[in-house]
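What follows is a set of notes on a single structure, which appears directly below.
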Protein chains: 2
Amino acid sequence: MTTPPPGLRERKKQATREALREAALRLAMERGPDQVRVEDIAEAAGVSPRTYNNYFASREQAIVSAVTADRESRIATAVAAQPAGVRLADAVTEAVVEQYTKTGERKHEVLLLITTRTALRDAFLDTTADIEPPLTAVIAERLGDAGAHTARVLAASVAAAVRIALESWLRPAEGAEAAGSFGAGGLVVPSGSLRDQLREALAPLAPAFDAAERRTQPSSQPNGHPLDKR
Amino acid sequence: MTTPPPGLRERKKQATREALREAALRLAMERGPDQVRVEDIAEAAGVSPRTYNNYFASREQAIVSAVTADRESRIATAVAAQPAGVRLADAVTEAVVEQYTKTGERKHEVLLLITTRTALRDAFLDTTADIEPPLTAVIAERLGDAGAHTARVLAASVAAAVRIALESWLRPAEGAEAAGSFGAGGLVVPSGSLRDQLREALAPLAPAFDAAERRTQPSSQPNGHPLDKR
DNA sequence: CAAGAAAAGTGCGTGCACGCAAGTTTGCGT
DNA sequence: ACGCAAACTTGCGTGCACGCACTTTTCTTG
């Protein structure tokens with residue numbers, strides 16, 4: 001409905017983007033990530049370097065996007081696909097966990113590559129911001145027009161939480177540095193599975209979702225037990 | 001206590017940083033922001049271009065940092081300075097609003113400059129991430145060791161909310177584009193004062209703070225009326 | 001189906017970020 | 001007071017991001 005026939009223009013565009021993605025990833029895997037110049041990626045994809053640059057603002061983005069692909073749209077539909085009765089908080093949590101967990105075999109070995117370079121790691125973490133717009137849309141849909149503002153904030157918070165979860169998951173406990181007055185952190189969390197990290201990061205936001213949801217439909221109370229562990 | 005005498009080394013370093021900040025801002029104000037090359041800033045500050053680059057990762061950062069300065073530390077202390085009895089949510093909100101509102105006359109004219117260039121605008125918005133570590137620290141302090149994880153998520157959410165508030169404040173209603181299924185947004189909010197934008201963006205997070213706070217001190221209920229409008 | 005408008009691709013030039021390997025300054029132990 | 005080690009500065013070189021002007025391709029409309 002939204003895309004009758006995408007048109008040749010758009011198809012070519014996506015094809016080029018895909019080719020660049022693939023080329024970037026493949027070359028990065030073959031040689032090290034540092035041994036891949038933009039020129040190589042462009043050539044492998046059959047476009048000029050300048051064109052490559054119209055698709056990706058940085059070399060890291062190109063490589064990482066091969067893993068990230070169309071996560072944004074997947075998340076949105078995943079939320080919408082949740083049964084109508086569940087709490088909004090649970091719907092979002094489930095959708096997010098599902099999308100970040102259901103990783104093909106190939107992806108996992110790519111993540112190893114990504115963690116080896118700080119620039120790549122950062123670029124990967126930055127992609128969490130991409131889920132914000134679609135999340136805003138679905139949340140806003142459930143909150144109604146009055147909650148548009150709230151929806152944006154909640155979506156952004158979710159993105160932030162996901163980022164944190166990925167951060168502490170990707171980091172096998174580095175030396176103690178920056179933030180505040182924590183110990184080495186060894187006690188805080190033994191760096192469990194990604195699944196757990198995500199749930200734990202999203203849990204604190206649940207009350208905010210509940211409150212927002214309550215403000216729009218004070219009558220129909222969604223069932224609150226499918227995932228509530230308390 | 002934390003800084004007996006800072007030592008010559010550190011003082012010089014801060015002096016250089018300050019000089020760069022000031023030079024960058026001054027030059028950007030005199031000519032347009034686009035007419036300032038890194039070379040100029042470095043020369044005006046009396047260091048080599050390469051050294052400039054050891055302090056700032058981008059030209060935009062240097063300019064923006066003149067406005068941002070030590071906001072991070074101010075926020076942390078502002079939260080800590082709040083009366084002990086108030087809800088954590090209120091303490092944070094007040095501290096944040098205060099810090100982003102108490103803007104000198106000079107700052108306001110700088111903000112006008114910043115909004116003129118997208119790159120500067122983005123750099124400015126990115127600085128909201130800097131408040132995250134100090135916020136994490138103070139929040140963690142009030143939540144106790146058990147809530148360290150929660151503290152990080154909440155701090156990140158606050159940072160995200162602030163970013164959103166600043167975004168919609170800096171943008172006098174552009175044409176409708178990206179996100180989801182909203183109208184032109186003219187109805188949603190008439191783009192009130194920054195103060196209001198901040199409060200509105202932070203409000204949805206209050207329930208999350210309350211819940212977190214409740215989990216650590218189920219007994220002593222903080223007074224909940226100083227700012228609660230509902 | 002033939003222009004003409006709109007959009008994508010391309011070549012070129014400029015300023016920049018950043019690694020590396022010196023040189024220089026500051027701090028500290030003895 | 002001296003001198004070594006660590007921190008900061010700097011020059012150089014490389015690859016890159018991106019604006020601009022222009023060509024080529026695709027979409028639209030009469």
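If you're wondering about the labels, chains in the structure tokens are A, B, ... by order shown, residues count from 1 in each chain, ligands from 1 in order shown.
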Check: which chain C residues lie within 8 Å of chain B using only C-alpha atoms (C1' of nucleotides), as a list in words =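 Output check: DG15, DA17 and DT26 of chain C.
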Quick one: write out the picked residues with C-alpha atoms (C1' of nucleotides) as a PDB file, in the first residue's frame?
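Output contents, as saved in result.pdb:
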```pdb
ATOM      1  C1'  DG C  15      40.002  22.078   4.924  1.00  0.00           C
ATOM      2  C1'  DA C  17      40.948  14.810  11.818  1.00  0.00           C
ATOM      3  C1'  DT C  26      56.738  19.541  34.016  1.00  0.00           C
TER       4       DT C  26
END
```
Using only C-alpha atoms (C1' of nucleotides), find which residues of chain B lie within 9 Å of chain D and jot them down as a list in words.
->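 Matching residues, ligands excluded from the count: Arg9, Lys13, Val47, Ser48, Pro49, Arg50 and Thr51 of chain B.
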Identify which of the residues A:Pro33, A:Pro204, A:Pro83, A:Gly46 lies closest to A:Ala19, counting only C-alpha atoms when measuring atom-to-atom distances.
->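 Looking at the shortest contact to A:Ala19, the residue is A:Gly46.
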For chain A, report every residue with an atom at most 8 Å from chain B (counting only C-alpha atoms), formatted as an MDAnalysis selection string.
-> chainID A and resid 133:134 136:137 146 148:150 152:154 156:158 160:161 164 178:181 188 200:202 204:208 211:212
Using the selection just defined, write its residues with N, CA and C atoms as a JSON list (two decimals), in the first residue's frame.
```json
[["chain", "number", "residue", "atom", "x", "y", "z"],
["A", 133, "PRO", "N", 12.96, 7.31, 15.76],
["A", 133, "PRO", "CA", 11.79, 7.77, 15.00],
["A", 133, "PRO", "C", 10.68, 6.73, 14.87],
["A", 134, "PRO", "N", 11.01, 5.51, 14.42],
["A", 134, "PRO", "CA", 9.93, 4.52, 14.32],
["A", 134, "PRO", "C", 9.29, 4.22, 15.67],
["A", 136, "THR", "N", 9.02, 6.22, 18.15],
["A", 136, "THR", "CA", 8.16, 7.36, 18.45],
["A", 136, "THR", "C", 6.81, 7.19, 17.79],
["A", 137, "ALA", "N", 6.85, 6.77, 16.55],
["A", 137, "ALA", "CA", 5.62, 6.62, 15.79],
["A", 137, "ALA", "C", 4.68, 5.59, 16.42],
["A", 146, "ALA", "N", -2.63, 13.20, 22.29],
["A", 146, "ALA", "CA", -2.25, 13.98, 23.46],
["A", 146, "ALA", "C", -0.84, 13.61, 23.93],
["A", 148, "ALA", "N", 1.86, 12.79, 22.17],
["A", 148, "ALA", "CA", 2.91, 12.87, 21.15],
["A", 148, "ALA", "C", 4.25, 13.24, 21.76],
["A", 149, "HIS", "N", 4.19, 14.21, 22.63],
["A", 149, "HIS", "CA", 5.41, 14.65, 23.29],
["A", 149, "HIS", "C", 6.02, 13.51, 24.12],
["A", 150, "THR", "N", 5.18, 12.95, 24.94],
["A", 150, "THR", "CA", 5.62, 11.85, 25.79],
["A", 150, "THR", "C", 6.22, 10.73, 24.96],
["A", 152, "ARG", "N", 7.79, 10.82, 22.20],
["A", 152, "ARG", "CA", 9.17, 11.13, 21.77],
["A", 152, "ARG", "C", 10.16, 10.89, 22.89],
["A", 153, "VAL", "N", 9.80, 11.36, 24.06],
["A", 153, "VAL", "CA", 10.71, 11.21, 25.20],
["A", 153, "VAL", "C", 10.91, 9.74, 25.52],
["A", 154, "LEU", "N", 9.83, 8.99, 25.54],
["A", 154, "LEU", "CA", 9.94, 7.58, 25.86],
["A", 154, "LEU", "C", 10.78, 6.85, 24.82],
["A", 156, "ALA", "N", 13.08, 8.06, 22.93],
["A", 156, "ALA", "CA", 14.48, 8.45, 23.11],
["A", 156, "ALA", "C", 15.09, 7.75, 24.31],
["A", 157, "SER", "N", 14.31, 7.61, 25.35],
["A", 157, "SER", "CA", 14.80, 6.92, 26.54],
["A", 157, "SER", "C", 15.09, 5.46, 26.25],
["A", 158, "VAL", "N", 14.21, 4.85, 25.50],
["A", 158, "VAL", "CA", 14.43, 3.46, 25.13],
["A", 158, "VAL", "C", 15.73, 3.34, 24.33],
["A", 160, "ALA", "N", 18.24, 5.24, 24.42],
["A", 160, "ALA", "CA", 19.35, 5.46, 25.34],
["A", 160, "ALA", "C", 19.62, 4.20, 26.16],
["A", 161, "ALA", "N", 18.56, 3.60, 26.64],
["A", 161, "ALA", "CA", 18.71, 2.38, 27.45],
["A", 161, "ALA", "C", 19.34, 1.26, 26.63],
["A", 164, "ILE", "N", 22.97, 1.79, 26.30],
["A", 164, "ILE", "CA", 23.68, 1.41, 27.52],
["A", 164, "ILE", "C", 23.84, -0.09, 27.62],
["A", 178, "ALA", "N", 36.27, 6.76, 33.83],
["A", 178, "ALA", "CA", 35.43, 7.94, 33.93],
["A", 178, "ALA", "C", 34.41, 7.99, 35.07],
["A", 179, "ALA", "N", 33.21, 7.54, 34.77],
["A", 179, "ALA", "CA", 32.03, 7.95, 35.51],
["A", 179, "ALA", "C", 32.07, 7.75, 37.01],
["A", 180, "GLY", "N", 31.90, 8.83, 37.70],
["A", 180, "GLY", "CA", 31.52, 8.87, 39.09],
["A", 180, "GLY", "C", 32.27, 7.97, 40.05],
["A", 181, "SER", "N", 31.51, 7.50, 41.02],
["A", 181, "SER", "CA", 32.14, 6.87, 42.18],
["A", 181, "SER", "C", 31.84, 5.38, 42.24],
["A", 188, "VAL", "N", 28.86, -5.24, 40.24],
["A", 188, "VAL", "CA", 27.59, -4.74, 39.75],
["A", 188, "VAL", "C", 26.89, -5.72, 38.83],
["A", 200, "GLU", "N", 17.26, -5.65, 31.60],
["A", 200, "GLU", "CA", 17.63, -4.92, 32.81],
["A", 200, "GLU", "C", 17.69, -3.42, 32.55],
["A", 201, "ALA", "N", 18.14, -3.06, 31.36],
["A", 201, "ALA", "CA", 18.25, -1.63, 31.04],
["A", 201, "ALA", "C", 16.87, -1.02, 30.78],
["A", 202, "LEU", "N", 15.98, -1.83, 30.25],
["A", 202, "LEU", "CA", 14.66, -1.29, 29.92],
["A", 202, "LEU", "C", 13.71, -1.30, 31.12],
["A", 204, "PRO", "N", 13.83, -0.19, 34.20],
["A", 204, "PRO", "CA", 13.57, 1.04, 34.95],
["A", 204, "PRO", "C", 12.62, 1.99, 34.23],
["A", 205, "LEU", "N", 12.44, 1.83, 32.96],
["A", 205, "LEU", "CA", 11.58, 2.74, 32.22],
["A", 205, "LEU", "C", 10.11, 2.31, 32.24],
["A", 206, "ALA", "N", 9.88, 1.08, 32.63],
["A", 206, "ALA", "CA", 8.52, 0.54, 32.61],
["A", 206, "ALA", "C", 7.52, 1.44, 33.35],
["A", 207, "PRO", "N", 7.86, 1.92, 34.56],
["A", 207, "PRO", "CA", 6.89, 2.78, 35.25],
["A", 207, "PRO", "C", 6.51, 3.99, 34.44],
["A", 208, "ALA", "N", 7.43, 4.55, 33.71],
["A", 208, "ALA", "CA", 7.13, 5.72, 32.89],
["A", 208, "ALA", "C", 6.12, 5.35, 31.80],
["A", 211, "ALA", "N", 2.66, 4.83, 33.41],
["A", 211, "ALA", "CA", 2.02, 6.10, 33.75],
["A", 211, "ALA", "C", 1.47, 6.78, 32.51],
["A", 212, "ALA", "N", 2.26, 6.77, 31.44],
["A", 212, "ALA", "CA", 1.83, 7.41, 30.20],
["A", 212, "ALA", "C", 0.59, 6.72, 29.66]]
```
Least-squares superpose chain B onto chain A - every C-alpha atom, paired in order - and show me the moved coordinates as a compact mmCIF listing (two decimals) with C-alpha atoms, in the first residue's frame.
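Output below, filename selection-v7.txt:
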```txt
# COMPACT_ATOMS: atom_id res chain seq x y z
CA MET B 1 0.01 0.03 0.16
CA THR B 2 2.73 2.49 0.90
CA THR B 3 4.87 1.33 -2.04
CA PRO B 4 2.92 0.33 -5.13
CA PRO B 5 5.89 -0.39 -7.34
CA PRO B 6 8.96 1.30 -5.89
CA GLY B 7 10.05 2.62 -9.25
CA LEU B 8 13.31 2.02 -10.98
CA ARG B 9 15.00 5.00 -9.46
CA GLU B 10 14.47 3.89 -5.90
CA ARG B 11 15.37 0.30 -6.65
CA LYS B 12 18.68 1.28 -8.14
CA LYS B 13 19.36 3.45 -5.17
CA GLN B 14 18.77 0.64 -2.72
CA ALA B 15 20.85 -1.67 -4.87
CA THR B 16 23.75 0.73 -4.74
CA ARG B 17 23.38 1.12 -1.01
CA GLU B 18 23.30 -2.62 -0.60
CA ALA B 19 26.32 -3.07 -2.82
CA LEU B 20 28.24 -0.56 -0.77
CA ARG B 21 27.23 -2.18 2.48
CA GLU B 22 28.27 -5.59 1.33
CA ALA B 23 31.51 -4.43 -0.21
CA ALA B 24 32.46 -2.52 2.90
CA LEU B 25 31.78 -5.45 5.16
CA ARG B 26 33.45 -8.01 2.95
CA LEU B 27 36.61 -6.00 2.55
CA ALA B 28 36.72 -5.21 6.23
CA MET B 29 36.49 -8.90 7.04
CA GLU B 30 39.08 -9.98 4.50
CA ARG B 31 41.78 -7.49 5.37
CA GLY B 32 41.58 -5.64 8.67
CA PRO B 33 39.13 -2.74 8.98
CA ASP B 34 42.05 -0.36 8.81
CA GLN B 35 43.24 -1.73 5.53
CA VAL B 36 40.10 -0.70 3.71
CA ARG B 37 40.09 2.66 2.04
CA VAL B 38 36.97 4.39 0.83
CA GLU B 39 38.34 4.14 -2.66
CA ASP B 40 38.33 0.34 -2.38
CA ILE B 41 34.74 0.14 -1.21
CA ALA B 42 33.56 2.43 -3.95
CA GLU B 43 35.42 0.49 -6.60
CA ALA B 44 34.12 -2.84 -5.34
CA ALA B 45 30.60 -1.47 -5.53
CA GLY B 46 31.15 0.01 -8.94
CA VAL B 47 30.65 3.66 -8.09
CA SER B 48 32.84 6.68 -7.62
CA PRO B 49 34.23 7.52 -4.18
CA ARG B 50 32.19 10.67 -4.23
CA THR B 51 29.01 8.69 -4.68
CA TYR B 52 29.88 6.40 -1.84
CA ASN B 53 30.00 9.50 0.22
CA ASN B 54 26.47 10.39 -0.75
CA TYR B 55 25.30 7.22 0.94
CA PHE B 56 27.47 7.08 4.01
CA ALA B 57 28.94 9.88 6.03
CA SER B 58 31.83 7.81 7.29
CA ARG B 59 33.68 4.63 6.52
CA GLU B 60 32.58 3.15 9.81
CA GLN B 61 28.93 3.76 9.01
CA ALA B 62 29.22 1.79 5.82
CA ILE B 63 30.72 -1.22 7.53
CA VAL B 64 28.39 -1.18 10.49
CA SER B 65 25.29 -0.65 8.37
CA ALA B 66 25.78 -4.12 6.96
CA VAL B 67 24.84 -5.48 10.36
CA THR B 68 22.27 -2.86 11.17
CA ALA B 69 20.49 -2.82 7.83
CA ASP B 70 16.75 -2.26 8.25
CA ARG B 71 16.54 -2.74 11.96
CA GLU B 72 14.51 0.43 12.26
CA SER B 73 11.57 -0.83 10.28
CA ARG B 74 11.74 -4.25 11.90
CA ILE B 75 11.45 -2.76 15.34
CA ALA B 76 8.42 -0.72 14.45
CA THR B 77 6.55 -3.66 13.01
CA ALA B 78 7.65 -5.89 15.87
CA VAL B 79 6.03 -3.54 18.34
CA ALA B 80 2.89 -3.30 16.29
CA ALA B 81 2.80 -7.09 16.04
CA GLN B 82 2.54 -7.53 19.80
CA PRO B 83 -0.87 -8.67 21.07
CA ALA B 84 -3.19 -5.78 21.76
CA GLY B 85 -3.69 -6.48 25.44
CA VAL B 86 -0.14 -6.31 26.71
CA ARG B 87 1.33 -3.39 28.53
CA LEU B 88 3.03 -0.93 26.25
CA ALA B 89 6.18 -1.35 28.26
CA ASP B 90 6.19 -5.07 27.65
CA ALA B 91 5.37 -4.71 23.99
CA VAL B 92 8.31 -2.42 23.45
CA THR B 93 10.65 -4.47 25.56
CA GLU B 94 9.77 -7.68 23.79
CA ALA B 95 10.10 -6.12 20.37
CA VAL B 96 13.46 -4.62 21.15
CA VAL B 97 14.87 -7.74 22.75
CA GLU B 98 13.65 -9.84 19.89
CA GLN B 99 15.23 -7.62 17.28
CA TYR B 100 18.58 -7.35 18.96
CA THR B 101 18.68 -11.00 19.90
CA LYS B 102 17.55 -12.72 16.75
CA THR B 103 20.99 -12.38 15.22
CA GLY B 104 22.11 -14.63 12.41
CA GLU B 105 25.27 -16.64 12.79
CA ARG B 106 27.09 -14.34 10.47
CA LYS B 107 26.26 -11.29 12.50
CA HIS B 108 27.96 -12.61 15.55
CA GLU B 109 31.29 -12.94 13.89
CA VAL B 110 30.89 -9.45 12.54
CA LEU B 111 30.35 -8.13 16.04
CA LEU B 112 33.71 -9.54 16.97
CA LEU B 113 35.22 -7.52 14.19
CA ILE B 114 33.42 -4.41 15.34
CA THR B 115 34.62 -4.64 18.89
CA THR B 116 38.21 -4.67 17.76
CA ARG B 117 38.13 -1.03 16.67
CA THR B 118 36.86 1.75 18.86
CA ALA B 119 35.64 3.77 15.90
CA LEU B 120 33.53 0.86 14.72
CA ARG B 121 32.21 0.21 18.18
CA ASP B 122 31.08 3.82 18.48
CA ALA B 123 29.49 3.80 15.06
CA PHE B 124 27.60 0.69 15.99
CA LEU B 125 26.36 2.18 19.23
CA ASP B 126 25.27 5.28 17.39
CA THR B 127 22.89 3.26 15.29
CA THR B 128 20.64 2.84 18.29
CA ALA B 129 19.51 6.38 17.65
CA ASP B 130 17.95 5.20 14.40
CA ILE B 131 15.26 3.26 16.16
CA GLU B 132 14.00 6.42 17.79
CA PRO B 133 11.79 7.79 14.98
CA PRO B 134 9.93 4.54 14.31
CA LEU B 135 9.55 3.90 18.01
CA THR B 136 8.16 7.38 18.43
CA ALA B 137 5.60 6.63 15.78
CA VAL B 138 4.30 3.37 17.23
CA ILE B 139 4.28 4.64 20.79
CA ALA B 140 2.49 7.79 19.73
CA GLU B 141 -0.08 5.66 18.02
CA ARG B 142 -0.92 3.90 21.24
CA LEU B 143 -0.85 7.01 23.38
CA GLY B 144 -3.03 9.08 21.10
CA ASP B 145 -2.47 12.61 19.96
CA ALA B 146 -2.25 13.97 23.46
CA GLY B 147 0.86 11.92 24.16
CA ALA B 148 2.92 12.86 21.15
CA HIS B 149 5.43 14.65 23.29
CA THR B 150 5.62 11.85 25.79
CA ALA B 151 6.07 9.36 22.97
CA ARG B 152 9.18 11.13 21.76
CA VAL B 153 10.71 11.21 25.19
CA LEU B 154 9.95 7.57 25.85
CA ALA B 155 11.31 6.50 22.49
CA ALA B 156 14.47 8.45 23.09
CA SER B 157 14.80 6.92 26.54
CA VAL B 158 14.43 3.45 25.11
CA ALA B 159 17.10 4.19 22.56
CA ALA B 160 19.36 5.44 25.33
CA ALA B 161 18.70 2.37 27.44
CA VAL B 162 19.44 0.08 24.52
CA ARG B 163 22.66 1.91 23.93
CA ILE B 164 23.68 1.39 27.50
CA ALA B 165 22.81 -2.29 27.35
CA LEU B 166 24.90 -2.74 24.24
CA GLU B 167 27.73 -0.79 25.76
CA SER B 168 28.04 -2.93 28.82
CA TRP B 169 27.54 -6.04 26.77
CA LEU B 170 30.31 -5.21 24.31
CA ARG B 171 32.67 -4.30 27.08
CA PRO B 172 34.08 -7.32 28.93
CA ALA B 173 34.86 -5.11 31.93
CA GLU B 174 37.54 -2.57 31.14
CA GLY B 175 39.71 -0.83 33.67
CA ALA B 176 37.95 1.68 35.91
CA GLU B 177 37.91 5.21 34.58
CA ALA B 178 35.54 8.13 34.01
CA ALA B 179 32.13 8.09 35.59
CA GLY B 180 31.63 8.99 39.16
CA SER B 181 32.20 6.95 42.23
CA PHE B 182 31.87 3.35 41.20
CA GLY B 183 34.29 0.61 41.96
CA ALA B 184 35.70 -1.47 39.17
CA GLY B 185 32.14 -2.60 38.74
CA GLY B 186 32.96 -6.25 39.00
CA LEU B 187 30.23 -6.66 41.55
CA VAL B 188 27.55 -4.70 39.78
CA VAL B 189 26.94 -7.14 36.99
CA PRO B 190 28.88 -10.12 35.69
CA SER B 191 27.98 -9.04 32.16
CA GLY B 192 25.25 -11.54 31.40
CA SER B 193 23.70 -12.30 28.07
CA LEU B 194 22.59 -9.54 25.76
CA ARG B 195 19.02 -10.57 26.40
CA ASP B 196 19.39 -9.96 30.10
CA GLN B 197 21.28 -6.74 29.62
CA LEU B 198 18.51 -5.36 27.46
CA ARG B 199 15.75 -6.36 29.84
CA GLU B 200 17.62 -4.96 32.78
CA ALA B 201 18.24 -1.67 31.02
CA LEU B 202 14.65 -1.30 29.90
CA ALA B 203 13.07 -2.32 33.18
CA PRO B 204 13.57 1.03 34.92
CA LEU B 205 11.58 2.73 32.19
CA ALA B 206 8.51 0.53 32.60
CA PRO B 207 6.89 2.76 35.23
CA ALA B 208 7.12 5.70 32.87
CA PHE B 209 5.36 3.73 30.17
CA ASP B 210 2.69 2.58 32.56
CA ALA B 211 2.02 6.09 33.72
CA ALA B 212 1.80 7.39 30.20
CA GLU B 213 -0.52 4.61 29.20
CA ARG B 214 -2.66 5.16 32.23
CA ARG B 215 -3.13 8.80 31.37
CA THR B 216 -4.77 7.98 28.08
CA GLN B 217 -6.93 4.99 29.03
CA PRO B 218 -7.74 5.25 32.72
CA SER B 219 -10.49 2.66 32.27
CA SER B 220 -9.20 -0.46 30.52
CA GLN B 221 -6.36 -1.84 32.61
CA PRO B 222 -4.04 -3.99 30.51
CA ASN B 223 -3.06 -7.28 32.06
CA GLY B 224 0.14 -6.79 33.94
CA HIS B 225 1.55 -10.23 34.53
CA PRO B 226 3.07 -11.69 31.31
CA LEU B 227 6.53 -10.45 32.14
CA ASP B 228 6.26 -8.76 35.44
CA LYS B 229 8.66 -10.50 37.75
CA ARG B 230 7.94 -8.54 40.86
```
From a DSSP pass on the backbone, collect the residues of stretch 7-130 of chain A flagged as helix (DSSP H, G or I) and hand them back as a PyMOL selection string.
-> chain A and resi 7-30+33-35+38-45+49-55+59-68+71-81+88-101+105-116+118-130
Restrict the selected residues to C-alpha atoms and save them as a tab-separated table (two decimals), in the first residue's frame.
```
chain	number	residue	atom	x	y	z
A	7	GLY	CA	10.04	2.64	-9.20
A	8	LEU	CA	13.31	2.02	-10.92
A	9	ARG	CA	14.97	5.00	-9.36
A	10	GLU	CA	14.44	3.85	-5.81
A	11	ARG	CA	15.35	0.28	-6.59
A	12	LYS	CA	18.66	1.25	-8.07
A	13	LYS	CA	19.35	3.42	-5.11
A	14	GLN	CA	18.77	0.62	-2.67
A	15	ALA	CA	20.83	-1.71	-4.81
A	16	THR	CA	23.74	0.68	-4.71
A	17	ARG	CA	23.39	1.11	-0.98
A	18	GLU	CA	23.31	-2.64	-0.56
A	19	ALA	CA	26.33	-3.09	-2.78
A	20	LEU	CA	28.27	-0.55	-0.76
A	21	ARG	CA	27.25	-2.18	2.50
A	22	GLU	CA	28.29	-5.59	1.34
A	23	ALA	CA	31.52	-4.43	-0.19
A	24	ALA	CA	32.49	-2.50	2.91
A	25	LEU	CA	31.81	-5.44	5.17
A	26	ARG	CA	33.47	-8.00	2.96
A	27	LEU	CA	36.64	-5.99	2.55
A	28	ALA	CA	36.74	-5.19	6.24
A	29	MET	CA	36.53	-8.87	7.05
A	30	GLU	CA	39.12	-9.95	4.50
A	33	PRO	CA	39.11	-2.71	8.95
A	34	ASP	CA	42.03	-0.30	8.79
A	35	GLN	CA	43.23	-1.68	5.50
A	38	VAL	CA	36.95	4.39	0.81
A	39	GLU	CA	38.31	4.14	-2.69
A	40	ASP	CA	38.31	0.34	-2.39
A	41	ILE	CA	34.73	0.16	-1.20
A	42	ALA	CA	33.53	2.43	-3.96
A	43	GLU	CA	35.39	0.49	-6.60
A	44	ALA	CA	34.10	-2.84	-5.32
A	45	ALA	CA	30.57	-1.49	-5.51
A	49	PRO	CA	34.17	7.52	-4.24
A	50	ARG	CA	32.12	10.68	-4.29
A	51	THR	CA	28.96	8.66	-4.72
A	52	TYR	CA	29.86	6.38	-1.87
A	53	ASN	CA	29.96	9.52	0.17
A	54	ASN	CA	26.41	10.39	-0.78
A	55	TYR	CA	25.27	7.23	0.93
A	59	ARG	CA	33.66	4.65	6.51
A	60	GLU	CA	32.56	3.17	9.82
A	61	GLN	CA	28.91	3.77	9.01
A	62	ALA	CA	29.22	1.80	5.83
A	63	ILE	CA	30.74	-1.21	7.54
A	64	VAL	CA	28.40	-1.17	10.50
A	65	SER	CA	25.31	-0.67	8.41
A	66	ALA	CA	25.81	-4.12	7.00
A	67	VAL	CA	24.86	-5.48	10.40
A	68	THR	CA	22.29	-2.86	11.20
A	71	ARG	CA	16.56	-2.73	12.00
A	72	GLU	CA	14.51	0.43	12.29
A	73	SER	CA	11.59	-0.84	10.29
A	74	ARG	CA	11.78	-4.26	11.92
A	75	ILE	CA	11.47	-2.77	15.37
A	76	ALA	CA	8.46	-0.73	14.47
A	77	THR	CA	6.58	-3.68	13.03
A	78	ALA	CA	7.69	-5.89	15.89
A	79	VAL	CA	6.05	-3.55	18.36
A	80	ALA	CA	2.92	-3.31	16.30
A	81	ALA	CA	2.85	-7.09	16.05
A	88	LEU	CA	3.02	-0.93	26.26
A	89	ALA	CA	6.19	-1.33	28.28
A	90	ASP	CA	6.20	-5.06	27.67
A	91	ALA	CA	5.40	-4.71	24.02
A	92	VAL	CA	8.33	-2.41	23.46
A	93	THR	CA	10.67	-4.47	25.58
A	94	GLU	CA	9.79	-7.67	23.80
A	95	ALA	CA	10.12	-6.13	20.40
A	96	VAL	CA	13.49	-4.61	21.17
A	97	VAL	CA	14.89	-7.73	22.79
A	98	GLU	CA	13.67	-9.84	19.93
A	99	GLN	CA	15.26	-7.63	17.31
A	100	TYR	CA	18.61	-7.34	18.99
A	101	THR	CA	18.72	-10.98	19.93
A	105	GLU	CA	25.30	-16.63	12.80
A	106	ARG	CA	27.12	-14.32	10.48
A	107	LYS	CA	26.29	-11.26	12.52
A	108	HIS	CA	27.98	-12.59	15.57
A	109	GLU	CA	31.32	-12.92	13.91
A	110	VAL	CA	30.93	-9.42	12.55
A	111	LEU	CA	30.37	-8.10	16.05
A	112	LEU	CA	33.73	-9.50	16.99
A	113	LEU	CA	35.24	-7.50	14.21
A	114	ILE	CA	33.43	-4.38	15.34
A	115	THR	CA	34.63	-4.61	18.90
A	116	THR	CA	38.23	-4.65	17.76
A	118	THR	CA	36.85	1.78	18.85
A	119	ALA	CA	35.63	3.80	15.91
A	120	LEU	CA	33.53	0.89	14.72
A	121	ARG	CA	32.20	0.23	18.18
A	122	ASP	CA	31.08	3.84	18.48
A	123	ALA	CA	29.50	3.84	15.05
A	124	PHE	CA	27.61	0.70	15.99
A	125	LEU	CA	26.37	2.20	19.24
A	126	ASP	CA	25.26	5.30	17.39
A	127	THR	CA	22.88	3.26	15.29
A	128	THR	CA	20.63	2.84	18.29
A	129	ALA	CA	19.51	6.39	17.66
A	130	ASP	CA	17.96	5.20	14.42
```
